[in-house]
$ cat my_file.cif   # mmCIF, C-alpha atoms
data_my_file
loop_
_atom_site.label_atom_id
_atom_site.label_comp_id
_atom_site.auth_asym_id
_atom_site.auth_seq_id
_atom_site.Cartn_x
_atom_site.Cartn_y
_atom_site.Cartn_z
CA TYR T 1 11.64 -15.39 -19.81
CA HIS T 2 13.47 -17.31 -17.06
CA SER T 3 11.03 -20.25 -17.19
CA MET T 4 10.73 -20.15 -21.00
CA PHE T 5 14.51 -20.33 -21.39
CA ARG T 6 14.66 -23.23 -18.93
CA ASP T 7 11.95 -25.16 -20.78
CA PHE T 8 13.71 -24.56 -24.11
CA LEU T 9 16.99 -25.94 -22.81
CA ILE T 10 15.26 -28.94 -21.26
CA SER T 11 13.62 -29.77 -24.58
CA ILE T 12 17.12 -30.10 -26.12
CA HIS T 13 19.17 -31.80 -23.39
CA LYS T 14 16.75 -32.78 -20.67
CA HIS T 15 18.85 -34.67 -18.12
CA GLU T 16 22.00 -32.56 -18.42
CA VAL T 17 20.09 -29.29 -18.21
CA LEU T 18 18.02 -30.37 -15.19
CA ALA T 19 21.18 -31.38 -13.32
CA PHE T 20 22.92 -28.11 -14.22
CA TRP T 21 19.85 -26.05 -13.32
CA ASP T 22 19.62 -27.73 -9.92
CA VAL T 23 23.25 -26.80 -9.20
CA CYS T 24 22.56 -23.19 -10.20
CA GLU T 25 19.48 -22.99 -7.98
CA LYS T 26 21.41 -24.30 -4.99
CA TYR T 27 24.24 -21.80 -5.60
CA HIS T 28 21.74 -18.96 -5.89
CA LYS T 29 20.05 -19.86 -2.60
CA ALA T 30 23.39 -20.19 -0.83
CA HIS T 31 25.04 -16.98 -2.06
CA VAL T 32 22.34 -14.46 -2.95
CA GLN T 33 21.19 -12.57 0.12
CA PRO T 34 17.50 -11.54 0.24
CA GLY T 35 16.70 -7.88 0.55
CA PRO T 36 13.69 -5.61 0.79
CA SER T 37 11.33 -5.15 -2.14
CA ILE T 38 13.15 -3.25 -4.90
CA GLN T 39 9.82 -1.80 -6.05
CA LEU T 40 9.05 -0.32 -2.65
CA THR T 41 12.54 0.99 -1.90
CA SER T 42 12.73 2.56 -5.37
CA LEU T 43 9.41 4.35 -4.88
CA ILE T 44 10.42 5.57 -1.42
CA ASP T 45 13.65 6.95 -2.85
CA ILE T 46 11.73 8.73 -5.61
CA LEU T 47 9.27 10.20 -3.10
CA GLU T 48 11.90 11.44 -0.68
CA ASN T 49 14.49 12.65 -3.19
CA ASP T 50 12.89 13.35 -6.58
CA CYS T 51 9.44 14.82 -5.98
CA GLN T 52 9.04 18.58 -5.95
CA ASN T 53 7.96 20.78 -3.03
CA ASP T 54 9.56 18.80 -0.16
CA PRO T 55 7.01 15.97 0.24
CA LEU T 56 7.87 15.17 3.86
CA GLU T 57 6.74 18.65 4.85
CA SER T 58 3.55 18.56 2.80
CA GLU T 59 0.35 18.51 4.85
CA GLY T 60 -1.67 15.35 4.32
CA LEU T 61 1.10 13.28 2.73
CA TYR T 62 -0.34 9.79 2.03
CA ARG T 63 -3.79 11.04 3.06
CA ILE T 64 -4.44 13.25 0.00
CA SER T 65 -5.29 11.26 -3.12
CA GLY T 66 -3.45 11.69 -6.40
CA ASP T 67 -4.77 11.77 -9.95
CA LYS T 68 -6.21 8.29 -10.65
CA SER T 69 -5.33 8.27 -14.35
CA LYS T 70 -1.72 9.21 -13.60
CA ILE T 71 -1.51 6.53 -10.90
CA THR T 72 -2.82 3.97 -13.38
CA SER T 73 -0.05 4.91 -15.82
CA LEU T 74 2.52 4.72 -13.03
CA ILE T 75 1.30 1.26 -12.05
CA GLN T 76 2.09 0.06 -15.58
CA LEU T 77 5.57 1.60 -15.42
CA LEU T 78 6.18 -0.04 -12.04
CA GLN T 79 5.13 -3.44 -13.39
CA GLN T 80 7.70 -2.93 -16.17
CA GLN T 81 10.31 -1.85 -13.58
CA GLN T 82 10.69 1.52 -15.32
CA TYR T 83 12.00 3.24 -12.18
CA GLN T 84 14.02 5.81 -14.11
CA GLU T 85 10.96 6.94 -16.06
CA ILE T 86 8.94 7.31 -12.84
CA SER T 87 11.82 9.28 -11.32
CA GLU T 88 12.03 11.61 -14.32
CA GLN T 89 8.30 12.29 -14.23
CA ALA T 90 8.59 13.19 -10.53
CA VAL T 91 11.63 15.44 -11.06
CA GLU T 92 9.94 17.25 -13.95
CA GLY T 93 6.70 17.68 -12.02
CA ARG T 94 4.62 15.60 -14.42
CA VAL T 95 3.47 13.58 -11.41
CA SER T 96 3.19 14.91 -7.87
CA MET T 97 4.07 13.44 -4.50
CA HIS T 98 0.42 12.39 -4.16
CA GLU T 99 0.61 10.19 -7.26
CA ILE T 100 3.77 8.55 -5.88
CA THR T 101 2.20 7.92 -2.45
CA GLY T 102 -0.87 6.57 -4.25
CA LEU T 103 1.44 4.23 -6.17
CA ILE T 104 3.14 3.08 -2.94
CA LYS T 105 -0.23 2.36 -1.30
CA ASN T 106 -1.42 0.50 -4.39
CA TYR T 107 1.74 -1.60 -4.45
CA LEU T 108 1.29 -2.58 -0.80
CA ARG T 109 -2.44 -3.21 -1.23
CA THR T 110 -2.07 -5.44 -4.31
CA MET T 111 0.73 -7.69 -3.04
CA GLU T 112 -0.33 -11.29 -3.65
CA GLU T 113 0.52 -11.97 0.00
CA PRO T 114 0.26 -8.88 2.24
CA LEU T 115 3.31 -7.65 4.11
CA LEU T 116 2.01 -9.07 7.42
CA LEU T 117 0.75 -12.33 5.87
CA PHE T 118 -2.77 -13.73 5.73
CA GLN T 119 -1.91 -16.46 8.24
CA PHE T 120 -1.10 -13.90 10.96
CA TYR T 121 -4.18 -11.72 10.40
CA ASN T 122 -6.14 -13.00 13.42
CA ASP T 123 -3.06 -12.79 15.65
CA PHE T 124 -2.55 -9.13 14.79
CA ILE T 125 -6.26 -8.42 15.29
CA ASN T 126 -6.06 -9.98 18.76
CA ILE T 127 -3.14 -7.68 19.55
CA GLY T 128 -5.27 -4.75 18.41
CA LYS T 129 -8.08 -5.88 20.74
CA LYS T 130 -5.70 -6.06 23.72
CA LEU T 131 -4.35 -2.59 22.98
CA THR T 132 -7.87 -1.20 22.58
CA HIS T 133 -8.79 -2.67 25.99
CA VAL T 134 -5.76 -1.04 27.63
CA ASN T 135 -6.55 2.31 26.00
CA ASN T 136 -10.19 2.18 27.04
CA THR T 137 -9.48 1.23 30.67
CA SER T 138 -6.73 3.84 31.08
CA ASN T 139 -9.00 6.55 29.70
CA LYS T 140 -11.82 5.64 32.09
CA SER T 141 -9.67 5.60 35.22
CA ASN T 142 -6.78 7.51 36.76
CA ASN T 143 -7.18 10.39 34.30
CA GLY T 144 -5.55 8.38 31.52
CA THR T 145 -2.68 7.13 33.67
CA VAL T 146 -1.45 3.62 32.83
CA THR T 147 -1.49 1.33 35.89
CA PRO T 148 1.23 -1.26 36.65
CA LYS T 149 -1.17 -4.00 35.53
CA GLN T 150 -1.76 -2.22 32.23
CA LYS T 151 2.00 -1.68 31.78
CA SER T 152 2.50 -5.41 32.25
CA LEU T 153 -0.16 -6.15 29.64
CA LEU T 154 1.47 -3.70 27.22
CA ALA T 155 4.85 -5.37 27.73
CA ARG T 156 3.37 -8.82 27.00
CA THR T 157 1.55 -7.46 23.97
CA LYS T 158 4.77 -5.92 22.65
CA LYS T 159 6.50 -9.27 23.11
CA ASP T 160 3.70 -11.03 21.20
CA LEU T 161 3.93 -8.46 18.41
CA MET T 162 7.68 -8.85 18.02
CA SER T 163 7.31 -12.61 18.05
CA LEU T 164 5.00 -12.36 15.03
CA ILE T 165 7.25 -9.88 13.25
CA ASN T 166 10.27 -12.14 13.74
CA ARG T 167 8.36 -15.02 12.16
CA LEU T 168 7.89 -13.14 8.89
CA PRO T 169 9.87 -14.40 5.88
CA GLU T 170 13.14 -12.49 5.63
CA LYS T 171 12.17 -10.53 2.52
CA LYS T 172 8.86 -9.48 4.11
CA TYR T 173 10.66 -8.48 7.31
CA LEU T 174 13.25 -6.39 5.44
CA THR T 175 10.54 -4.75 3.35
CA LEU T 176 8.55 -3.90 6.49
CA GLU T 177 11.72 -2.49 8.04
CA ALA T 178 12.34 -0.29 4.98
CA LEU T 179 8.73 0.94 5.07
CA CYS T 180 8.96 1.75 8.80
CA THR T 181 12.23 3.65 8.31
CA HIS T 182 10.55 5.78 5.66
CA LEU T 183 7.45 6.35 7.78
CA ARG T 184 9.63 7.51 10.68
CA HIS T 185 10.90 10.23 8.32
CA VAL T 186 7.28 11.17 7.61
CA GLU T 187 6.20 11.15 11.26
CA ALA T 188 9.23 13.20 12.31
CA LYS T 189 7.68 16.15 10.42
CA ASN T 190 4.18 15.64 11.86
CA GLU T 191 3.96 19.18 13.22
CA ILE T 192 4.11 20.35 9.60
CA ASN T 193 2.56 17.51 7.60
CA LYS T 194 0.00 16.54 10.32
CA MET T 195 0.79 12.86 9.78
CA THR T 196 1.01 11.47 13.31
CA TRP T 197 1.45 7.74 13.88
CA GLY T 198 -2.30 7.48 14.29
CA ASN T 199 -2.97 9.14 10.94
CA ILE T 200 -0.26 7.10 9.22
CA ALA T 201 -1.75 3.87 10.58
CA ILE T 202 -5.18 4.79 9.21
CA VAL T 203 -3.93 5.18 5.63
CA ILE T 204 -1.25 2.47 5.58
CA GLY T 205 -2.65 -0.19 7.96
CA PRO T 206 -5.36 -1.72 5.74
CA ASN T 207 -2.80 -2.10 2.92
CA ILE T 208 -0.36 -4.23 4.92
CA LEU T 209 -2.78 -6.10 7.20
CA ARG T 210 -5.82 -7.59 5.52
CA PRO T 211 -7.75 -10.88 5.63
CA GLU T 212 -7.59 -13.43 2.85
CA ARG T 213 -11.38 -13.17 2.49
CA ASP T 214 -13.61 -10.32 3.61
CA THR T 215 -16.50 -11.30 5.87
CA MET T 216 -19.00 -9.39 7.97
CA GLU T 217 -16.67 -9.95 10.94
CA THR T 218 -13.50 -8.69 9.24
CA MET T 219 -15.33 -5.58 8.04
CA LEU T 220 -15.62 -4.59 11.71
CA HIS T 221 -11.88 -4.79 12.38
CA ALA T 222 -10.90 -1.30 11.21
CA LYS T 223 -10.28 -0.03 14.75
CA GLU T 224 -8.17 -3.03 15.75
CA ILE T 225 -6.12 -2.74 12.56
CA ASN T 226 -5.42 0.95 13.15
CA VAL T 227 -4.49 0.46 16.81
CA CYS T 228 -2.28 -2.56 16.08
CA ILE T 229 -0.46 -0.93 13.16
CA GLU T 230 0.10 2.30 15.08
CA PHE T 231 1.65 0.26 17.91
CA LEU T 232 3.73 -1.71 15.40
CA PHE T 233 5.12 1.44 13.75
CA GLN T 234 6.10 2.84 17.13
CA THR T 235 7.64 -0.45 18.26
CA ILE T 236 9.84 -1.61 15.39
#

$ encode --input "my_file.cif" --output "structure tokens"
Amino acid sequence: YHSMFRDFLISIHKHEVLAFWDVCEKYHKAHVQPGPSIQLTSLIDILENDCQNDPLESEGLYRISGDKSKITSLIQLLQQQQYQEISEQAVEGRVSMHEITGLIKNYLRTMEEPLLLFQFYNDFINIGKKLTHVNNTSNKSNNGTVTPKQKSLLARTKKDLMSLINRLPEKKYLTLEALCTHLRHVEAKNEINKMTWGNIAIVIGPNILRPERDTMETMLHAKEINVCIEFLFQTI
């Protein structure tokens, strides 16, 4: 409706409207502060506060699949920004925590540009490869003890990771921050829900870090994605 209204006004008073619209756009950019995704933060709030049976203490949260037909209906409500209706269905028990987590994963997976950006995909995969190398070498020697050399490599890898994170667009960064805050709430109950950082990375990682095009090579990156995302969740 925003673009249709603009085009309608332009058709009536082209030059005046374009000048006025330009002023409005500049004001908006100067005064409106970006924030995290409203869709994601709304769904997190519904999951943590509206769903029945204390979701954060439910074994297999995010790992157990919800009802596909219900998730499909919820996707349509989310696209229409019907947050109150989704909340009411959760409060009344018409949808479970597993449908809401399925909706969150679908939202992350179907972003036009993933949370960690296509352009940074190879950089994150390289970080995953470095971390995998450190893990493998520490397991083979010194009974799993990390050597000073490995600690130095981990420190450099952490610095590289944060450098990438800080290069994300502000809205992406704030959305990632909101997601990580929520996932810390999940992981804090891991003795009950069994969702350790490793398990969380397995179910969330491929939704926020994915290539622009799948190839035979990218299909082999599952381990690097999991290792990198687990490290990211523990770092931010």

$ residues_around --input "my_file.cif" --residues "Glu187 in chain T" --least-positions-apart "3" --cutoff "10 Å" --atoms "all atoms listed in the file" --output "MDAnalysis selection string"
chainID T and resid 56:57 182:184 190:200

$ resolve_selection --input "my_file.cif" --expression "the PyMOL selection byres ((chain T and resi 111) around 12)" --output "PyMOL selection string"
chain T and resi 37+39-40+104-110+112-118+172+207-210+212

$ atom_distance --input "my_file.cif" --atom1 "CA of Ile71 in chain T" --atom2 "CA of Glu85 in chain T"
13.5 Å

$ atom_distance --input "my_file.cif" --atom1 "CA of Gly93 in chain T" --atom2 "CA of Thr41 in chain T"
20.4 Å

$ closest_residue --input "my_file.cif" --among "T:Gly66, T:Gly102, T:Pro206, T:Pro169" --to "Ile229 in chain T" --atoms "only C-alpha atoms"
T:Pro206

$ closest_residue --input "my_file.cif" --among "T:Ala201, T:Ile127, T:Asn49, T:Val95" --to "Leu154 in chain T" --atoms "only C-alpha atoms"
T:Ile127

$ closest_residue --input "my_file.cif" --among "T:Ile202, T:Gln89, T:Val134, T:Glu224" --to "Pro148 in chain T" --atoms "all atoms listed in the file"
T:Val134

$ atom_distance --input "my_file.cif" --atom1 "CA of Gln150 in chain T" --atom2 "CA of Thr137 in chain T"
8.6 Å

$ resolve_selection --input "my_file.cif" --expression "the PyMOL selection byres ((chain T and resi 83) around 12)" --output "compact mmCIF listing (two decimals) with C-alpha atoms, in the frame of the given file"
# COMPACT_ATOMS: atom_id res chain seq x y z
CA ILE T 38 13.15 -3.25 -4.90
CA GLN T 39 9.82 -1.80 -6.05
CA LEU T 40 9.05 -0.32 -2.65
CA THR T 41 12.54 0.99 -1.90
CA SER T 42 12.73 2.56 -5.37
CA LEU T 43 9.41 4.35 -4.88
CA ILE T 44 10.42 5.57 -1.42
CA ASP T 45 13.65 6.95 -2.85
CA ILE T 46 11.73 8.73 -5.61
CA LEU T 47 9.27 10.20 -3.10
CA ASP T 50 12.89 13.35 -6.58
CA LEU T 74 2.52 4.72 -13.03
CA ILE T 75 1.30 1.26 -12.05
CA GLN T 76 2.09 0.06 -15.58
CA LEU T 77 5.57 1.60 -15.42
CA LEU T 78 6.18 -0.04 -12.04
CA GLN T 79 5.13 -3.44 -13.39
CA GLN T 80 7.70 -2.93 -16.17
CA GLN T 81 10.31 -1.85 -13.58
CA GLN T 82 10.69 1.52 -15.32
CA GLN T 84 14.02 5.81 -14.11
CA GLU T 85 10.96 6.94 -16.06
CA ILE T 86 8.94 7.31 -12.84
CA SER T 87 11.82 9.28 -11.32
CA GLU T 88 12.03 11.61 -14.32
CA GLN T 89 8.30 12.29 -14.23
CA ALA T 90 8.59 13.19 -10.53
CA ILE T 100 3.77 8.55 -5.88

$ resolve_selection --input "my_file.cif" --expression "the PyMOL selection byres ((chain T and resi 171) around 7)" --output "ChimeraX atom specification"
/T:34-36,169-170,172-175

$ closest_residue --input "my_file.cif" --among "T:Thr157, T:Asn166, T:Gln119, T:Gln52" --to "Glu99 in chain T" --atoms "all atoms listed in the file"
T:Gln52

$ residues_near_point --input "my_file.cif" --point "(0.6, -12.4, 14.9)" --cutoff "9 Å" --atoms "all atoms listed in the file" --output "list in words"
Leu116, Gln119, Phe120, Tyr121, Asn122, Asp123, Phe124, Ile125, Asn126, Ile127, Asp160, Leu161, Met162, Ser163, Leu164, Ile165 and Arg167 of chain T

$ closest_residue --input "my_file.cif" --among "T:Glu230, T:Met97, T:Val91, T:Lys223" --to "Gly60 in chain T" --atoms "only C-alpha atoms"
T:Met97

$ closest_residue --input "my_file.cif" --among "T:Glu177, T:Asn136, T:Val203, T:Met219" --to "Ser65 in chain T" --atoms "all atoms listed in the file"
T:Val203

$ residues_around --input "my_file.cif" --residues "range 231-235 of chain T" --least-positions-apart "3" --cutoff "7 Å" --atoms "all atoms listed in the file" --output "PyMOL selection string"
chain T and resi 180+227-228

$ build_atoms --input "my_file.cif" --residues "range 112-138 of chain T" --atoms "N, CA and C atoms" --output "short mmCIF file (atom, residue, chain, number, x, y, z; two decimals), in the coordinates of the input"
data_model
loop_
_atom_site.label_atom_id
_atom_site.label_comp_id
_atom_site.auth_asym_id
_atom_site.auth_seq_id
_atom_site.Cartn_x
_atom_site.Cartn_y
_atom_site.Cartn_z
N GLU T 112 0.39 -10.01 -3.66
CA GLU T 112 -0.33 -11.29 -3.65
C GLU T 112 -0.50 -11.79 -2.22
N GLU T 113 0.56 -11.65 -1.42
CA GLU T 113 0.52 -11.97 0.00
C GLU T 113 0.88 -10.69 0.74
N PRO T 114 -0.02 -10.16 1.59
CA PRO T 114 0.26 -8.88 2.24
C PRO T 114 1.53 -8.92 3.09
N LEU T 115 2.05 -7.75 3.39
CA LEU T 115 3.31 -7.65 4.11
C LEU T 115 3.27 -8.41 5.44
N LEU T 116 2.12 -8.40 6.12
CA LEU T 116 2.01 -9.07 7.42
C LEU T 116 1.38 -10.46 7.33
N LEU T 117 1.20 -10.96 6.15
CA LEU T 117 0.75 -12.33 5.87
C LEU T 117 -0.69 -12.61 6.30
N PHE T 118 -1.40 -13.31 5.42
CA PHE T 118 -2.77 -13.73 5.73
C PHE T 118 -2.82 -14.59 6.99
N GLN T 119 -1.85 -15.49 7.14
CA GLN T 119 -1.91 -16.46 8.24
C GLN T 119 -1.80 -15.80 9.62
N PHE T 120 -1.26 -14.59 9.68
CA PHE T 120 -1.10 -13.90 10.96
C PHE T 120 -2.19 -12.86 11.21
N TYR T 121 -3.16 -12.77 10.30
CA TYR T 121 -4.18 -11.72 10.40
C TYR T 121 -4.88 -11.75 11.76
N ASN T 122 -5.40 -12.91 12.16
CA ASN T 122 -6.14 -13.00 13.42
C ASN T 122 -5.26 -12.69 14.62
N ASP T 123 -3.99 -13.07 14.55
CA ASP T 123 -3.06 -12.79 15.65
C ASP T 123 -2.86 -11.28 15.82
N PHE T 124 -2.71 -10.58 14.71
CA PHE T 124 -2.55 -9.13 14.79
C PHE T 124 -3.85 -8.46 15.27
N ILE T 125 -4.98 -8.98 14.84
CA ILE T 125 -6.26 -8.42 15.29
C ILE T 125 -6.41 -8.60 16.79
N ASN T 126 -6.00 -9.75 17.31
CA ASN T 126 -6.06 -9.98 18.76
C ASN T 126 -5.17 -9.01 19.51
N ILE T 127 -4.01 -8.69 18.94
CA ILE T 127 -3.14 -7.68 19.55
C ILE T 127 -3.84 -6.33 19.55
N GLY T 128 -4.52 -6.00 18.47
CA GLY T 128 -5.27 -4.75 18.41
C GLY T 128 -6.37 -4.69 19.46
N LYS T 129 -7.02 -5.83 19.71
CA LYS T 129 -8.08 -5.88 20.74
C LYS T 129 -7.50 -5.66 22.13
N LYS T 130 -6.34 -6.25 22.41
CA LYS T 130 -5.70 -6.06 23.72
C LYS T 130 -5.31 -4.59 23.92
N LEU T 131 -4.75 -4.00 22.88
CA LEU T 131 -4.35 -2.59 22.98
C LEU T 131 -5.56 -1.68 23.15
N THR T 132 -6.64 -1.99 22.46
CA THR T 132 -7.87 -1.20 22.58
C THR T 132 -8.40 -1.29 24.02
N HIS T 133 -8.34 -2.49 24.60
CA HIS T 133 -8.79 -2.67 25.99
C HIS T 133 -7.96 -1.83 26.95
N VAL T 134 -6.63 -1.84 26.77
CA VAL T 134 -5.76 -1.04 27.63
C VAL T 134 -6.08 0.44 27.48
N ASN T 135 -6.25 0.89 26.25
CA ASN T 135 -6.55 2.31 26.00
C ASN T 135 -7.87 2.71 26.64
N ASN T 136 -8.87 1.86 26.49
CA ASN T 136 -10.19 2.18 27.04
C ASN T 136 -10.17 2.24 28.57
N THR T 137 -9.50 1.26 29.21
CA THR T 137 -9.48 1.23 30.67
C THR T 137 -8.64 2.36 31.25
N SER T 138 -7.56 2.74 30.57
CA SER T 138 -6.73 3.84 31.08
C SER T 138 -7.43 5.18 30.92
#
